[in-house]
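To start, the structure itself, in structure tokens.
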Amino acid sequence: VRGVEPSSAAVEPATDAKSNSENTDVGTEEQVVHGVLYKLTEEDFGIICRTEGVPLAYSLHRCRVVPYDGDGEAAGADAMRRATSISTESERTTKIIPNDENGEQLSRKYSVPAFTLRAARKGWREGGDIPPSKSYLNVLIRGAKEFALDASYLEMLENFPVGRTWLGNGLAEEMLRVAELQNKNV
């Protein structure tokens, strides 16, 4: 919602500007997105979809994820290098599969199938990037610290431009606080 929460997680598959095709060079620092992967029950998955506005605001998007245990340094980058470079003899026999419809190649040994949410309307995805509110960015930074995501990713978040809001710094931190209080009472 512009002016309140001007932007949220607006990540798109990288494209090659020269050919206008989706880039298959996975693993470059500017193309990697870090986060937390949750295994949900079918019921919880349905709740997430409803509360996030699937299928009106978002649609489900298949992807492959390279999981790692955060160390606050470079565990994610190391995991991505392992997943994208098959170097040893035993790894050469590991089945290589497309990451998703974008054709990115990842080793099945090092990646897992997942869903993410993507803006439902193509026009929303193709518009210019709108920076998130300070509040939304603070939630992302808090999560990156809590789960010890790569230092380079945390630094990128800490230096990310902040979007303008009409009042205050946005609502994301307050919404998270309310959700945490509700979970304590359950």
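By order of appearance in the structure tokens: chains A, B, ..., then residues from 1 within every chain, and ligands from 1 in the order shown.
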
For segment 113-118 of chain A, find every residue with an atom within 6 Å (counting only C-alpha atoms), except residues of its own chain fewer than 5 positions away, and show them as a PDB file with N, CA, C and O atoms, in the first residue's frame.
```pdb
ATOM      1  N   TYR A  58      -1.117 -11.861  -4.988  1.00  0.00           N
ATOM      2  CA  TYR A  58       0.047 -12.701  -5.270  1.00  0.00           C
ATOM      3  C   TYR A  58      -0.389 -13.994  -5.937  1.00  0.00           C
ATOM      4  O   TYR A  58      -1.514 -14.438  -5.762  1.00  0.00           O
ATOM      5  N   SER A  59       0.540 -14.592  -6.665  1.00  0.00           N
ATOM      6  CA  SER A  59       0.333 -15.939  -7.191  1.00  0.00           C
ATOM      7  C   SER A  59       1.477 -16.806  -6.677  1.00  0.00           C
ATOM      8  O   SER A  59       2.535 -16.311  -6.309  1.00  0.00           O
ATOM      9  N   LEU A  60       1.231 -18.110  -6.651  1.00  0.00           N
ATOM     10  CA  LEU A  60       2.274 -19.037  -6.213  1.00  0.00           C
ATOM     11  C   LEU A  60       3.278 -19.210  -7.344  1.00  0.00           C
ATOM     12  O   LEU A  60       2.912 -19.279  -8.513  1.00  0.00           O
ATOM     13  N   HIS A  61       4.537 -19.284  -6.974  1.00  0.00           N
ATOM     14  CA  HIS A  61       5.614 -19.422  -7.954  1.00  0.00           C
ATOM     15  C   HIS A  61       6.534 -20.546  -7.499  1.00  0.00           C
ATOM     16  O   HIS A  61       7.047 -20.516  -6.382  1.00  0.00           O
ATOM     17  N   ARG A  62       6.689 -21.567  -8.350  1.00  0.00           N
ATOM     18  CA  ARG A  62       7.593 -22.680  -8.020  1.00  0.00           C
ATOM     19  C   ARG A  62       9.034 -22.217  -8.153  1.00  0.00           C
ATOM     20  O   ARG A  62       9.372 -21.464  -9.060  1.00  0.00           O
ATOM     21  N   CYS A  63       9.864 -22.712  -7.266  1.00  0.00           N
ATOM     22  CA  CYS A  63      11.289 -22.418  -7.335  1.00  0.00           C
ATOM     23  C   CYS A  63      12.056 -23.549  -6.667  1.00  0.00           C
ATOM     24  O   CYS A  63      11.457 -24.459  -6.097  1.00  0.00           O
ATOM     25  N   ARG A  64      13.345 -23.524  -6.775  1.00  0.00           N
ATOM     26  CA  ARG A  64      14.205 -24.446  -6.033  1.00  0.00           C
ATOM     27  C   ARG A  64      15.046 -23.584  -5.115  1.00  0.00           C
ATOM     28  O   ARG A  64      15.496 -22.510  -5.493  1.00  0.00           O
TER      29      ARG A  64
END
```

Can you list, as a short mmCIF file (atom, residue, chain, number, x, y, z; two decimals) with C-alpha atoms, in the first residue's frame, every protein, DNA or RNA residue that comes within 9 Å of Phe160 of chain A when you count only C-alpha atoms, leaving out same-chain residues fewer than 3 positions away?
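That gives us selection.cif:
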```cif
data_model
loop_
_atom_site.label_atom_id
_atom_site.label_comp_id
_atom_site.auth_asym_id
_atom_site.auth_seq_id
_atom_site.Cartn_x
_atom_site.Cartn_y
_atom_site.Cartn_z
CA PRO A 131 11.87 0.93 -1.88
CA PRO A 132 10.25 -0.60 1.24
CA LEU A 137 13.29 -3.13 6.10
CA GLU A 155 25.02 -5.32 4.76
CA MET A 156 23.00 -4.94 1.55
CA LEU A 157 19.78 -4.74 3.59
#
```

| request: Determine which residues of segment 34-63 of chain A DSSP labels as strand (DSSP E or B) from the backbone of this structure, then write them out as a ChimeraX atom specification. | output: /A:58-63

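Pairwise distance (atom CA of Ala144 of chain A, atom CA of Tyr110 of chain A) equals 21.4 Å.
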
| Got a sec: who's within 9 Å of Arg125 of chain A, counting only C-alpha atoms, leaving out chain neighbours fewer than 6 positions off, as a PyMOL selection string? | chain A and resi 10-12+118-119

| field | Closest of A:Cys49, A:Val112, A:Val65, A:Ile130 to His34 of chain A - atom-to-atom distances counting only C-alpha atoms | value | A:Val65

| query | Hey, can you check how far atom CA of Asp71 of chain A sits from atom CA of Asp150 of chain A? | reply | 7.0 Å

| remark: Of A:Pro67, A:Gly127, A:Val162, A:Leu176, the one sitting nearest Arg142 of chain A when using only C-alpha atoms is A:Leu176

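As for atom CA of Asp78 of chain A and atom CA of Tyr38 of chain A, they are spaced 20.8 Å apart.
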